[in-house]
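Trainee: File follows, data-v1.txt with compact mmCIF, C-alpha atoms:
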# COMPACT_ATOMS: atom_id res chain seq x y z
CA MET A 26 0.00 0.00 0.00
CA LYS A 27 1.32 3.42 -0.96
CA PRO A 28 1.29 6.19 1.69
CA ILE A 29 -1.13 8.35 -0.35
CA GLN A 30 -3.85 5.71 -0.20
CA PRO A 31 -4.69 5.87 3.54
CA ILE A 32 -4.52 9.69 3.39
CA LEU A 33 -7.07 9.88 0.57
CA VAL A 34 -9.33 7.28 2.18
CA LEU A 35 -9.17 9.19 5.46
CA PHE A 36 -10.22 12.41 3.71
CA LEU A 37 -13.09 10.68 1.95
CA LEU A 38 -14.35 9.27 5.24
CA LEU A 39 -13.97 12.71 6.83
CA ILE A 40 -16.14 14.26 4.11
CA ALA A 41 -18.73 11.53 4.58
CA GLY A 42 -18.63 12.08 8.35
CA VAL A 43 -19.14 15.84 8.07
CA TYR A 44 -21.95 15.32 5.59
CA PHE A 45 -23.88 12.89 7.74
CA LEU A 46 -23.30 14.68 11.04
CA ARG A 47 -23.88 18.27 9.88
CA LEU A 48 -25.99 18.26 6.75
CA ARG A 49 -28.82 15.83 7.24
CA LYS A 50 -30.56 15.56 3.93
CA LYS A 51 -33.15 13.54 2.11
CA SER A 52 -32.57 9.84 1.60
CA TYR A 53 -31.79 9.98 -2.12
CA ASP A 54 -29.08 12.56 -1.41
CA ARG A 55 -27.54 10.19 1.10
CA LEU A 56 -27.54 7.35 -1.40
CA ILE A 57 -25.69 9.54 -3.91
CA VAL A 58 -23.12 10.54 -1.28
CA ILE A 59 -22.63 6.96 -0.16
CA PHE A 60 -22.19 5.93 -3.79
CA PHE A 61 -19.53 8.56 -4.46
CA ILE A 62 -17.62 7.96 -1.24
CA LEU A 63 -17.63 4.20 -1.80
CA SER A 64 -16.48 4.47 -5.40
CA GLY A 65 -13.80 6.93 -4.27
CA VAL A 66 -12.51 4.50 -1.67
CA ILE A 67 -12.57 1.61 -4.16
CA LEU A 68 -10.68 3.64 -6.79
CA VAL A 69 -8.08 4.70 -4.23
CA MET A 70 -7.54 1.21 -2.88
CA MET A 71 -7.52 -0.45 -6.31
CA PRO A 72 -5.79 1.94 -8.74
CA ASP A 73 -5.57 -0.81 -11.33
CA LEU A 74 -9.34 -0.80 -11.62
CA SER A 75 -9.48 2.86 -12.71
CA ALA A 76 -6.62 2.22 -15.14
CA GLU A 77 -8.58 -0.66 -16.61
CA ILE A 78 -11.77 1.42 -16.98
CA ALA A 79 -9.73 4.27 -18.48
CA ARG A 80 -8.27 1.91 -21.06
CA VAL A 81 -11.72 0.63 -21.97
CA VAL A 82 -13.17 4.15 -22.55
CA GLY A 83 -10.01 5.31 -24.36
CA VAL A 84 -8.39 7.59 -21.79
CA GLY A 85 -4.65 7.27 -21.15
CA ARG A 86 -4.35 6.88 -17.40
CA GLY A 87 -6.76 6.11 -14.60
CA VAL A 88 -5.88 9.40 -12.91
CA ASP A 89 -6.88 11.30 -16.06
CA LEU A 90 -10.23 9.55 -16.16
CA VAL A 91 -10.91 10.48 -12.52
CA LEU A 92 -9.80 14.07 -13.23
CA TYR A 93 -12.17 14.44 -16.20
CA LEU A 94 -15.10 12.96 -14.32
CA GLY A 95 -14.26 15.09 -11.28
CA LEU A 96 -14.23 18.27 -13.38
CA LEU A 97 -17.59 17.41 -14.91
CA GLY A 98 -18.97 16.69 -11.46
CA LEU A 99 -17.64 19.98 -10.10
CA SER A 100 -19.16 21.99 -12.95
CA PHE A 101 -22.46 20.25 -12.39
CA VAL A 102 -22.37 21.01 -8.66
CA SER A 103 -21.55 24.69 -9.24
CA LEU A 104 -24.46 24.96 -11.66
CA LEU A 105 -26.75 23.45 -9.04
CA LEU A 106 -25.42 25.90 -6.47
CA TYR A 107 -25.98 28.79 -8.88
CA ALA A 108 -29.57 27.76 -9.47
CA LYS A 109 -30.02 27.50 -5.71
CA LEU A 110 -28.53 30.98 -5.29
CA ARG A 111 -31.03 32.40 -7.73
CA ASP A 112 -33.87 30.77 -5.81
CA LEU A 113 -32.52 32.30 -2.62
CA GLU A 114 -32.29 35.70 -4.28
CA ALA A 115 -35.89 35.43 -5.40
CA ALA A 116 -36.96 34.52 -1.86
CA LEU A 117 -34.95 37.41 -0.42
CA SER A 118 -36.56 39.83 -2.89
CA GLU A 119 -40.00 38.63 -1.86
CA LEU A 120 -39.16 39.13 1.80
CA VAL A 121 -37.58 42.56 1.36
CA ARG A 122 -40.53 43.61 -0.78
CA SER A 123 -43.10 42.64 1.83
CA ILE A 124 -41.14 44.49 4.52
CA ALA A 125 -40.89 47.61 2.33
CA ILE A 126 -44.62 47.58 1.57
CA ALA A 127 -45.61 46.89 5.19
CA ASP A 128 -43.43 49.76 6.44
CA ALA A 129 -44.40 52.28 3.75
CA ARG A 130 -43.99 55.83 4.96
CA GLN A 131 -46.95 57.95 4.02
CA PRO A 132 -46.97 61.70 3.45
CA ASP A 133 -49.24 62.35 6.46
CA GLU A 134 -46.59 61.20 8.90
CA THR A 135 -43.83 63.43 7.63
CA ASN A 136 -43.20 67.06 8.42
CA GLN A 137 -44.93 68.48 5.41
CA GLY A 138 -44.17 72.07 6.26
CA GLU A 139 -40.77 71.91 4.71
CA HIS A 140 -41.67 71.00 1.17
CA SER A 141 -45.33 70.94 0.32
CA ALA A 142 -46.72 70.55 -3.14
CA PRO A 143 -48.25 73.73 -4.56
CA ASN A 144 -51.49 72.12 -5.65
CA GLN A 145 -52.06 69.64 -2.85
CA GLU A 146 -55.33 69.90 -1.03
CA SER A 147 -54.17 69.24 2.53
CA MET B 8 -45.35 30.70 -2.30
CA GLY B 9 -45.29 30.82 1.47
CA LEU B 10 -43.58 34.18 1.34
CA LEU B 11 -46.21 35.55 -0.99
CA LEU B 12 -48.87 34.48 1.47
CA VAL B 13 -47.01 36.05 4.38
CA SER B 14 -46.55 39.32 2.49
CA GLY B 15 -50.26 39.33 1.69
CA ILE B 16 -51.12 38.84 5.36
CA ILE B 17 -48.68 41.52 6.48
CA SER B 18 -50.05 44.10 4.08
CA THR B 19 -53.68 43.32 4.91
CA TRP B 20 -52.86 43.51 8.59
CA SER B 21 -51.13 46.86 8.36
CA LEU B 22 -54.01 48.34 6.40
CA GLU B 23 -56.54 47.19 8.98
CA LEU B 24 -54.41 48.42 11.83
CA HIS B 25 -54.23 51.98 10.54
CA PRO B 26 -57.56 52.69 8.90
CA THR B 27 -57.22 56.41 9.55
CA ARG B 28 -53.85 56.48 7.90
CA GLY B 29 -55.38 55.96 4.45
CA LEU B 30 -53.66 57.65 1.54
CA ASN B 31 -55.16 60.35 -0.56
CA MET B 32 -56.01 58.20 -3.56
CA SER B 33 -57.66 60.88 -5.63
CA ARG B 34 -54.56 61.01 -7.75
CA SER B 35 -54.61 57.60 -9.40
CA THR B 36 -51.54 58.11 -11.60
CA PHE B 37 -48.63 56.74 -9.60
CA ILE B 38 -45.06 57.74 -10.39
CA VAL B 39 -42.67 55.04 -9.19
CA ILE B 40 -39.12 56.29 -8.64
CA PRO B 41 -36.42 53.78 -7.70
CA THR B 42 -33.53 55.38 -5.82
CA HIS B 43 -30.12 54.10 -4.87
CA ASN B 44 -27.66 56.61 -3.43
CA GLU B 45 -29.21 59.65 -5.12
CA GLU B 46 -28.79 62.24 -2.36
CA GLY B 47 -27.19 64.71 -4.77
CA VAL B 48 -30.12 64.96 -7.16
CA ILE B 49 -33.27 63.52 -5.57
CA ARG B 50 -34.40 66.93 -4.26
CA SER B 51 -34.62 68.55 -7.67
CA THR B 52 -36.23 65.45 -9.18
CA LEU B 53 -38.94 65.38 -6.50
CA GLU B 54 -39.50 69.12 -6.64
CA SER B 55 -40.06 69.07 -10.40
CA LEU B 56 -42.53 66.19 -9.97
CA LEU B 57 -44.39 67.83 -7.10
CA THR B 58 -45.46 70.70 -9.36
CA PHE B 59 -47.75 68.13 -11.02
CA ASP B 60 -50.70 66.37 -9.46
CA TYR B 61 -49.43 62.78 -9.35
CA THR B 62 -49.05 60.31 -6.52
CA ILE B 63 -45.35 59.83 -6.04
CA VAL B 64 -43.92 56.58 -4.73
CA VAL B 65 -40.21 56.54 -4.02
CA VAL B 66 -38.70 53.10 -3.53
CA ASP B 67 -35.33 53.47 -1.90
CA ASP B 68 -33.26 50.43 -2.75
CA GLY B 69 -31.07 50.22 0.33
CA SER B 70 -29.24 53.52 -0.15
CA LYS B 71 -26.14 53.98 1.99
CA ASP B 72 -26.22 57.79 1.77
CA HIS B 73 -28.88 60.26 2.96
CA THR B 74 -31.38 59.60 0.17
CA TRP B 75 -33.92 58.10 2.58
CA GLU B 76 -33.77 61.00 5.03
CA ILE B 77 -34.15 63.53 2.22
CA VAL B 78 -37.08 61.67 0.64
CA SER B 79 -38.82 61.48 4.03
CA THR B 80 -39.07 65.28 4.23
CA TYR B 81 -41.21 65.44 1.07
CA PRO B 82 -44.95 64.76 0.81
CA VAL B 83 -44.41 61.54 -1.11
CA ILE B 84 -44.96 57.89 -0.28
CA ALA B 85 -41.62 56.36 0.65
CA LEU B 86 -40.82 52.66 0.63
CA ARG B 87 -37.51 51.25 1.63
CA HIS B 88 -35.71 48.02 0.80
CA PRO B 89 -33.63 47.17 3.90
CA VAL B 90 -31.01 45.69 1.57
CA ASN B 91 -30.06 46.61 -1.98
CA LEU B 92 -31.74 44.35 -4.52
CA GLY B 93 -31.44 46.26 -7.80
CA GLN B 94 -33.50 48.67 -9.87
CA GLY B 95 -35.80 46.04 -11.32
CA ALA B 96 -36.72 44.82 -7.84
CA ALA B 97 -37.40 48.37 -6.65
CA LEU B 98 -39.71 49.02 -9.61
CA GLN B 99 -41.59 45.80 -8.93
CA THR B 100 -42.04 46.76 -5.26
CA GLY B 101 -43.36 50.19 -6.26
CA MET B 102 -45.76 48.68 -8.79
CA ILE B 103 -47.18 46.19 -6.28
CA PHE B 104 -47.67 48.97 -3.74
CA ALA B 105 -49.34 51.20 -6.35
CA LEU B 106 -51.70 48.42 -7.42
CA GLN B 107 -52.66 47.74 -3.81
CA HIS B 108 -53.54 51.41 -3.41
CA GLY B 109 -55.76 51.91 -6.40
CA ALA B 110 -53.39 53.06 -9.13
CA GLN B 111 -54.96 53.37 -12.58
CA VAL B 112 -51.75 54.29 -14.37
CA ILE B 113 -48.21 53.50 -13.17
CA VAL B 114 -45.24 55.44 -14.53
CA HIS B 115 -41.58 54.52 -14.11
CA PHE B 116 -39.37 57.55 -13.64
CA ASP B 117 -35.62 57.68 -13.00
CA ALA B 118 -34.36 59.51 -9.92
CA ASP B 119 -31.20 60.88 -11.49
CA GLY B 120 -32.79 63.89 -13.16
CA GLN B 121 -32.53 62.60 -16.73
CA HIS B 122 -36.29 62.69 -17.36
CA ARG B 123 -38.56 65.71 -17.57
CA ALA B 124 -41.70 65.69 -15.45
CA GLU B 125 -43.61 67.52 -18.19
CA ASP B 126 -43.14 64.51 -20.51
CA ILE B 127 -45.14 62.24 -18.18
CA GLN B 128 -48.60 63.27 -19.36
CA SER B 129 -47.89 62.34 -22.98
CA LEU B 130 -47.11 58.81 -21.76
CA VAL B 131 -50.22 58.68 -19.56
CA ASP B 132 -52.65 59.93 -22.22
CA PRO B 133 -52.63 56.83 -24.49
CA ILE B 134 -53.46 54.67 -21.45
CA GLU B 135 -56.22 56.93 -20.17
CA GLY B 136 -57.63 57.01 -23.70
CA ASP B 137 -57.42 53.18 -23.79
CA LEU B 138 -55.19 53.27 -26.86
CA ALA B 139 -52.41 51.25 -25.24
CA ASP B 140 -51.61 49.07 -22.23
CA VAL B 141 -47.97 50.10 -22.11
CA VAL B 142 -46.34 53.31 -23.30
CA LEU B 143 -42.59 53.37 -23.70
CA GLY B 144 -40.52 56.52 -23.70
CA SER B 145 -38.10 56.95 -26.59
CA ARG B 146 -35.34 59.47 -27.10
CA PHE B 147 -35.04 58.61 -30.79
CA LEU B 148 -38.42 59.70 -32.13
CA ARG B 149 -37.68 63.44 -32.45
CA LYS B 150 -34.57 64.92 -34.01
CA GLU B 151 -34.01 67.34 -31.15
CA ASP B 152 -34.09 64.49 -28.60
CA THR B 153 -31.75 62.33 -30.64
CA ARG B 154 -29.26 65.17 -31.01
CA ALA B 155 -29.08 65.51 -27.23
CA VAL B 156 -27.73 61.96 -26.90
CA PRO B 157 -23.92 61.78 -26.79
CA PRO B 158 -22.47 59.86 -29.79
CA LEU B 159 -20.99 56.97 -27.76
CA LYS B 160 -24.27 56.59 -25.89
CA ARG B 161 -26.14 56.56 -29.18
CA PHE B 162 -23.87 53.80 -30.43
CA ILE B 163 -24.35 51.67 -27.29
CA LEU B 164 -28.11 52.15 -27.41
CA ARG B 165 -28.26 51.10 -31.05
CA GLY B 166 -26.57 47.87 -29.94
CA ALA B 167 -29.04 47.48 -27.08
CA VAL B 168 -31.98 48.00 -29.47
CA LEU B 169 -30.56 45.22 -31.63
CA VAL B 170 -30.07 42.86 -28.66
CA ASN B 171 -33.57 43.58 -27.37
CA GLY B 172 -35.03 42.98 -30.81
CA LEU B 173 -33.24 39.69 -31.21
CA LEU B 174 -34.07 38.45 -27.69
CA THR B 175 -37.69 39.56 -27.52
CA GLY B 176 -38.83 39.89 -31.13
CA LEU B 177 -40.10 43.39 -30.40
CA TRP B 178 -38.34 46.11 -32.41
CA LEU B 179 -38.42 49.49 -30.73
CA SER B 180 -36.60 52.75 -31.42
CA ASP B 181 -35.03 53.00 -27.95
CA ALA B 182 -33.71 50.66 -25.26
CA HIS B 183 -33.20 51.16 -21.55
CA ASN B 184 -35.25 54.33 -21.49
CA GLY B 185 -36.33 54.47 -17.85
CA MET B 186 -39.60 56.24 -18.57
CA ARG B 187 -42.61 54.00 -19.20
CA ALA B 188 -46.28 53.96 -18.34
CA PHE B 189 -48.51 50.96 -17.64
CA SER B 190 -52.22 50.53 -17.23
CA ALA B 191 -53.15 48.90 -13.92
CA ALA B 192 -54.28 45.78 -15.78
CA ALA B 193 -50.94 45.51 -17.60
CA ALA B 194 -48.91 46.18 -14.44
CA ARG B 195 -50.83 43.46 -12.66
CA ARG B 196 -49.84 40.89 -15.28
CA ILE B 197 -46.21 41.90 -15.71
CA ARG B 198 -43.91 40.39 -13.13
CA LEU B 199 -40.29 41.51 -13.06
CA ARG B 200 -37.97 38.71 -11.96
CA GLU B 201 -34.80 40.46 -13.04
CA ASN B 202 -33.62 42.43 -10.04
CA GLY B 203 -30.84 44.22 -11.91
CA TYR B 204 -30.94 46.39 -15.03
CA ALA B 205 -32.01 43.57 -17.33
CA HIS B 206 -35.58 44.40 -16.30
CA ALA B 207 -35.72 46.86 -19.21
CA THR B 208 -35.50 43.96 -21.65
CA GLU B 209 -37.70 41.80 -19.46
CA ILE B 210 -40.51 44.36 -19.71
CA ILE B 211 -40.31 44.22 -23.51
CA ALA B 212 -40.36 40.43 -23.38
CA GLU B 213 -43.44 40.56 -21.14
CA ILE B 214 -45.21 42.94 -23.54
CA ARG B 215 -44.66 40.41 -26.28
CA ARG B 216 -45.57 37.37 -24.19
CA LEU B 217 -48.77 38.91 -22.84
CA ARG B 218 -49.62 40.46 -26.22
CA LEU B 219 -50.09 43.91 -24.68
CA ARG B 220 -50.85 46.93 -26.82
CA TYR B 221 -47.90 49.30 -26.76
CA VAL B 222 -46.85 52.61 -28.27
CA GLU B 223 -43.71 54.70 -28.07
CA ARG B 224 -43.81 58.35 -27.13
CA PRO B 225 -41.00 60.87 -27.42
CA THR B 226 -39.19 61.84 -24.23
CA HIS B 227 -36.32 64.23 -23.83
CA VAL B 228 -33.37 62.83 -21.91
CA ILE B 229 -31.16 65.32 -20.14
CA TYR B 230 -27.54 64.23 -20.07
CA SER B 231 -26.30 66.07 -17.01
CA SER B 232 -22.85 65.07 -15.80
CA TYR B 233 -24.57 63.43 -12.84
CA ALA B 234 -26.89 61.32 -14.97
CA VAL B 235 -23.98 60.30 -17.19
CA SER B 236 -21.85 59.24 -14.24
CA LYS B 237 -24.72 57.19 -12.79
CA GLY B 238 -25.82 55.83 -16.15
CA GLN B 239 -25.00 52.67 -18.04
CA SER B 240 -21.41 52.32 -19.10
CA LEU B 241 -20.25 50.06 -21.89
CA TRP B 242 -19.03 47.63 -19.23
CA ASN B 243 -22.42 47.63 -17.57
CA SER B 244 -24.05 46.90 -20.91
CA LEU B 245 -22.01 43.73 -21.06
CA ASN B 246 -23.25 42.76 -17.59
CA ILE B 247 -26.82 43.30 -18.69
CA LEU B 248 -26.24 41.12 -21.72
CA ILE B 249 -24.87 38.32 -19.52
CA ASP B 250 -27.87 38.66 -17.18
CA LEU B 251 -30.18 38.30 -20.15
CA LEU B 252 -28.43 35.19 -21.42
CA LEU B 253 -28.43 33.60 -17.96
CA ARG B 254 -32.13 34.34 -17.73
CA LYS B 255 -32.69 32.36 -20.91
CA VAL B 256 -30.94 29.36 -19.32
CA PHE B 257 -32.16 29.47 -15.73
CA ARG B 258 -35.51 31.21 -16.04
When written as structure tokens, how does the structure in this file appear?
Mentor:
Amino acid sequence: MKPIQPILVLFLLLIAGVYFLRLRKKSYDRLIVIFFILSGVILVMMPDLSAEIARVVGVGRGVDLVLYLGLLGLSFVSLLLYAKLRDLEAALSELVRSIAIADARQPDETNQGEHSAPNQES
Amino acid sequence: MGLLLVSGIISTWSLELHPTRGLNMSRSTFIVIPTHNEEGVIRSTLESLLTFDYTIVVVDDGSKDHTWEIVSTYPVIALRHPVNLGQGAALQTGMIFALQHGAQVIVHFDADGQHRAEDIQSLVDPIEGDLADVVLGSRFLRKEDTRAVPPLKRFILRGAVLVNGLLTGLWLSDAHNGMRAFSAAAARRIRLRENGYAHATEIIAEIRRLRLRYVERPTHVIYSSYAVSKGQSLWNSLNILIDLLLRKVFR
């Protein structure tokens, strides 16, 4: 066993630990996380396997295959996060809007003496 | 959805709580003015508007300067976003408030002093005469207005007209002219989701989608050094374009 292998496995388990302890999510999310962590551990412990898959799909090295897939995964995750951000922004707008409308300041409450419209009745 | 419900409850509640605080709704043309850090110019803009008999709604979009304090000394309705959301969001807030308080016509008007208050009526007339649902201001309908536009600005706006035409299928003579008028029925159906400046294109897209009747009316745009410094730069135009493209992808 090479020294890098236990380090990577440890990190993967750490990520899984943080996820399950801190971010409790819906069951299908958990399944996806378990799947990725498990396949990560398997690929780390059996590097020959990734090399074999890489050869089959026509990529030079196993590491390259993991890199490409990882990049795709990252882009996908950032898109998801961006969509989520937009949802949050929409929710924030709705909230700010309702506060602004509820707290509307009306002319009657202000000191009108300073600047009053020429053709206002009151 | 939940938030919408909550906002509905809050506004109903506040109206019931202060029945005596009702607004003078005789003036059913509402001028909605979004402000963001406009302390230098908001006084003169409000004073020119107050010589006319409109209901003025200022929506302060989280200004960090004294805009809010200044606006509060005028006999206008003042709404405030606790945090800055963008001009489109401020306009949407003002329109919702106006509709809740009996507006028949809603006019968008920029705070930076680039529009003339005396141009408002020519935008309101087609709606009151039921000739249009939306009236859009244009600085390119009269020679004297066009001449007042700086050459670089003219060039950028030609590009914006092209982009708007391609994205919305509606070909107008001007783009990003902040002066527009809506009938209450049209304002009720239009919903601005773009918080930033891309709302100008979004409005055109909504006109097309909802098949609203629209006309353009000439407006004179005053290019004071203040308005130019606050206005859209070439760089900002690029940002708007990116916003528009993202909107196509993410809705």
Trainee: Nearest residue to chain A out of B:Arg187, B:Arg200, B:Lys160, B:Arg224, using all atoms listed in the file?
Mentor: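 Under the stated criterion, the closest residue is B:Arg200.
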Trainee: With all atoms listed in the file as the basis for distance, which of A:Ala115, A:Val102, A:Ala41, A:Leu33 is at the shortest distance from B:Leu199?
Mentor: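 Nearest to B:Leu199: A:Ala115.
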Trainee: Using all atoms listed in the file, find each residue of chain B with at least one atom at most 6 Å away from an atom of chain A; report its shortest atom-to-atom pair and that distance in Å (one decimal), sort the rows by chain and rising residue number, and return the result as CSV.
Mentor:
residue,atom,partner,partner_atom,distance
B:Ser14,CA,A:Ser123,CA,4.8
B:Ser18,CA,A:Ala127,CA,5.4
B:Leu57,CA,A:Ala142,CA,5.3
B:Tyr81,CA,A:His140,CA,5.6
B:Pro82,CA,A:Pro132,CA,4.5
B:Val83,CA,A:Pro132,CA,5.2
B:Ile84,CA,A:Gln131,CA,4.7
B:Ala85,CA,A:Arg130,CA,4.9
B:Leu86,CA,A:Ala129,CA,4.8
B:Arg87,CA,A:Ala125,CA,5.0
B:His88,CA,A:Ala125,CA,5.4
B:Thr100,CA,A:Arg122,CA,5.7
Trainee: Quote the spacing between atom CA of B:Val39 and atom CA of B:Leu253 in Å to one decimal place.
Mentor: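 It comes out at 27.2 Å.
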Trainee: Between atom CA of B:Thr36 and atom CA of B:Ala191, what is the spacing in Å?
Mentor: 9.6 Å
Trainee: Measure the distance from atom CA of B:Phe116 to atom CA of B:Ser232 in Å and round it to one decimal.
Mentor: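 Those two atoms sit 18.3 Å apart.
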Trainee: Within 12 Å of (-27.5, 55.9, 2.7), in the coordinates the file gives, what residues turn up when you count all atoms listed in the file, written out as a PDB file with C-alpha atoms, in the coordinates of the input?
Mentor:
ATOM      1  CA  THR B  42     -33.530  55.380  -5.820  1.00  0.00           C
ATOM      2  CA  HIS B  43     -30.120  54.100  -4.870  1.00  0.00           C
ATOM      3  CA  ASN B  44     -27.660  56.610  -3.430  1.00  0.00           C
ATOM      4  CA  GLU B  45     -29.210  59.650  -5.120  1.00  0.00           C
ATOM      5  CA  GLU B  46     -28.790  62.240  -2.360  1.00  0.00           C
ATOM      6  CA  GLY B  47     -27.190  64.710  -4.770  1.00  0.00           C
ATOM      7  CA  ASP B  67     -35.330  53.470  -1.900  1.00  0.00           C
ATOM      8  CA  ASP B  68     -33.260  50.430  -2.750  1.00  0.00           C
ATOM      9  CA  GLY B  69     -31.070  50.220   0.330  1.00  0.00           C
ATOM     10  CA  SER B  70     -29.240  53.520  -0.150  1.00  0.00           C
ATOM     11  CA  LYS B  71     -26.140  53.980   1.990  1.00  0.00           C
ATOM     12  CA  ASP B  72     -26.220  57.790   1.770  1.00  0.00           C
ATOM     13  CA  HIS B  73     -28.880  60.260   2.960  1.00  0.00           C
ATOM     14  CA  THR B  74     -31.380  59.600   0.170  1.00  0.00           C
ATOM     15  CA  TRP B  75     -33.920  58.100   2.580  1.00  0.00           C
ATOM     16  CA  GLU B  76     -33.770  61.000   5.030  1.00  0.00           C
ATOM     17  CA  ILE B  77     -34.150  63.530   2.220  1.00  0.00           C
ATOM     18  CA  VAL B  78     -37.080  61.670   0.640  1.00  0.00           C
ATOM     19  CA  ARG B  87     -37.510  51.250   1.630  1.00  0.00           C
ATOM     20  CA  HIS B  88     -35.710  48.020   0.800  1.00  0.00           C
ATOM     21  CA  PRO B  89     -33.630  47.170   3.900  1.00  0.00           C
ATOM     22  CA  VAL B  90     -31.010  45.690   1.570  1.00  0.00           C
ATOM     23  CA  ASN B  91     -30.060  46.610  -1.980  1.00  0.00           C
TER      24      ASN B  91
END
Trainee: Take the point (-10.0, 9.0, -11.8) as written in the file and pick out every residue within 12 Å of it, counting only C-alpha atoms; give the list as JSON, numbers by chain.
Mentor: {"A": [64, 65, 66, 67, 68, 69, 71, 72, 73, 74, 75, 76, 77, 78, 79, 80, 84, 85, 86, 87, 88, 89, 90, 91, 92, 93, 94, 95, 96, 97, 98]}
Trainee: Have a look at B:Asp152, B:Asp140, B:Glu213, B:Glu223 and name the one nearest to B:Phe189; count only C-alpha atoms.
Mentor: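 Counting only C-alpha atoms, the residue closest to B:Phe189 is B:Asp140.
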Trainee: Between B:Gly101, B:Gly109, B:Gly144, B:Gly95, which residue has the minimum interatomic distance to B:Met186, considering all atoms listed in the file?
Mentor: B:Gly144
Trainee: Reconstruct N, CA, C and O atoms of stretch 32-45 of chain A; output as a PDB file, in the frame of the given file.
Mentor:
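Final output, saved to part.pdb:
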ATOM      1  N   ILE A  32      -4.201   8.253   3.243  1.00  0.00           N
ATOM      2  CA  ILE A  32      -4.520   9.690   3.390  1.00  0.00           C
ATOM      3  C   ILE A  32      -5.807  10.029   2.650  1.00  0.00           C
ATOM      4  O   ILE A  32      -6.719  10.659   3.176  1.00  0.00           O
ATOM      5  N   LEU A  33      -5.882   9.586   1.373  1.00  0.00           N
ATOM      6  CA  LEU A  33      -7.070   9.880   0.570  1.00  0.00           C
ATOM      7  C   LEU A  33      -8.315   9.245   1.161  1.00  0.00           C
ATOM      8  O   LEU A  33      -9.380   9.862   1.219  1.00  0.00           O
ATOM      9  N   VAL A  34      -8.171   7.994   1.598  1.00  0.00           N
ATOM     10  CA  VAL A  34      -9.330   7.280   2.180  1.00  0.00           C
ATOM     11  C   VAL A  34      -9.803   8.017   3.425  1.00  0.00           C
ATOM     12  O   VAL A  34     -11.011   8.212   3.634  1.00  0.00           O
ATOM     13  N   LEU A  35      -8.830   8.465   4.241  1.00  0.00           N
ATOM     14  CA  LEU A  35      -9.170   9.190   5.460  1.00  0.00           C
ATOM     15  C   LEU A  35      -9.992  10.444   5.132  1.00  0.00           C
ATOM     16  O   LEU A  35     -11.013  10.742   5.763  1.00  0.00           O
ATOM     17  N   PHE A  36      -9.515  11.187   4.101  1.00  0.00           N
ATOM     18  CA  PHE A  36     -10.220  12.410   3.710  1.00  0.00           C
ATOM     19  C   PHE A  36     -11.640  12.114   3.227  1.00  0.00           C
ATOM     20  O   PHE A  36     -12.591  12.824   3.558  1.00  0.00           O
ATOM     21  N   LEU A  37     -11.755  11.047   2.443  1.00  0.00           N
ATOM     22  CA  LEU A  37     -13.090  10.680   1.950  1.00  0.00           C
ATOM     23  C   LEU A  37     -14.024  10.371   3.114  1.00  0.00           C
ATOM     24  O   LEU A  37     -15.177  10.805   3.138  1.00  0.00           O
ATOM     25  N   LEU A  38     -13.522   9.624   4.082  1.00  0.00           N
ATOM     26  CA  LEU A  38     -14.350   9.270   5.240  1.00  0.00           C
ATOM     27  C   LEU A  38     -14.700  10.515   6.045  1.00  0.00           C
ATOM     28  O   LEU A  38     -15.806  10.643   6.570  1.00  0.00           O
ATOM     29  N   LEU A  39     -13.739  11.453   6.118  1.00  0.00           N
ATOM     30  CA  LEU A  39     -13.970  12.710   6.830  1.00  0.00           C
ATOM     31  C   LEU A  39     -15.128  13.485   6.177  1.00  0.00           C
ATOM     32  O   LEU A  39     -16.037  13.981   6.852  1.00  0.00           O
ATOM     33  N   ILE A  40     -15.075  13.570   4.844  1.00  0.00           N
ATOM     34  CA  ILE A  40     -16.140  14.260   4.110  1.00  0.00           C
ATOM     35  C   ILE A  40     -17.485  13.606   4.384  1.00  0.00           C
ATOM     36  O   ILE A  40     -18.486  14.268   4.675  1.00  0.00           O
ATOM     37  N   ALA A  41     -17.490  12.262   4.314  1.00  0.00           N
ATOM     38  CA  ALA A  41     -18.730  11.530   4.580  1.00  0.00           C
ATOM     39  C   ALA A  41     -19.213  11.822   5.996  1.00  0.00           C
ATOM     40  O   ALA A  41     -20.407  12.056   6.227  1.00  0.00           O
ATOM     41  N   GLY A  42     -18.272  11.825   6.949  1.00  0.00           N
ATOM     42  CA  GLY A  42     -18.630  12.080   8.350  1.00  0.00           C
ATOM     43  C   GLY A  42     -19.263  13.451   8.524  1.00  0.00           C
ATOM     44  O   GLY A  42     -20.333  13.583   9.128  1.00  0.00           O
ATOM     45  N   VAL A  43     -18.624  14.478   7.960  1.00  0.00           N
ATOM     46  CA  VAL A  43     -19.140  15.840   8.070  1.00  0.00           C
ATOM     47  C   VAL A  43     -20.536  15.912   7.444  1.00  0.00           C
ATOM     48  O   VAL A  43     -21.465  16.485   8.003  1.00  0.00           O
ATOM     49  N   TYR A  44     -20.665  15.272   6.278  1.00  0.00           N
ATOM     50  CA  TYR A  44     -21.950  15.320   5.590  1.00  0.00           C
ATOM     51  C   TYR A  44     -23.059  14.736   6.455  1.00  0.00           C
ATOM     52  O   TYR A  44     -24.118  15.339   6.625  1.00  0.00           O
ATOM     53  N   PHE A  45     -22.790  13.553   7.020  1.00  0.00           N
ATOM     54  CA  PHE A  45     -23.880  12.890   7.740  1.00  0.00           C
ATOM     55  C   PHE A  45     -24.136  13.503   9.118  1.00  0.00           C
ATOM     56  O   PHE A  45     -25.242  13.455   9.630  1.00  0.00           O
TER      57      PHE A  45
END
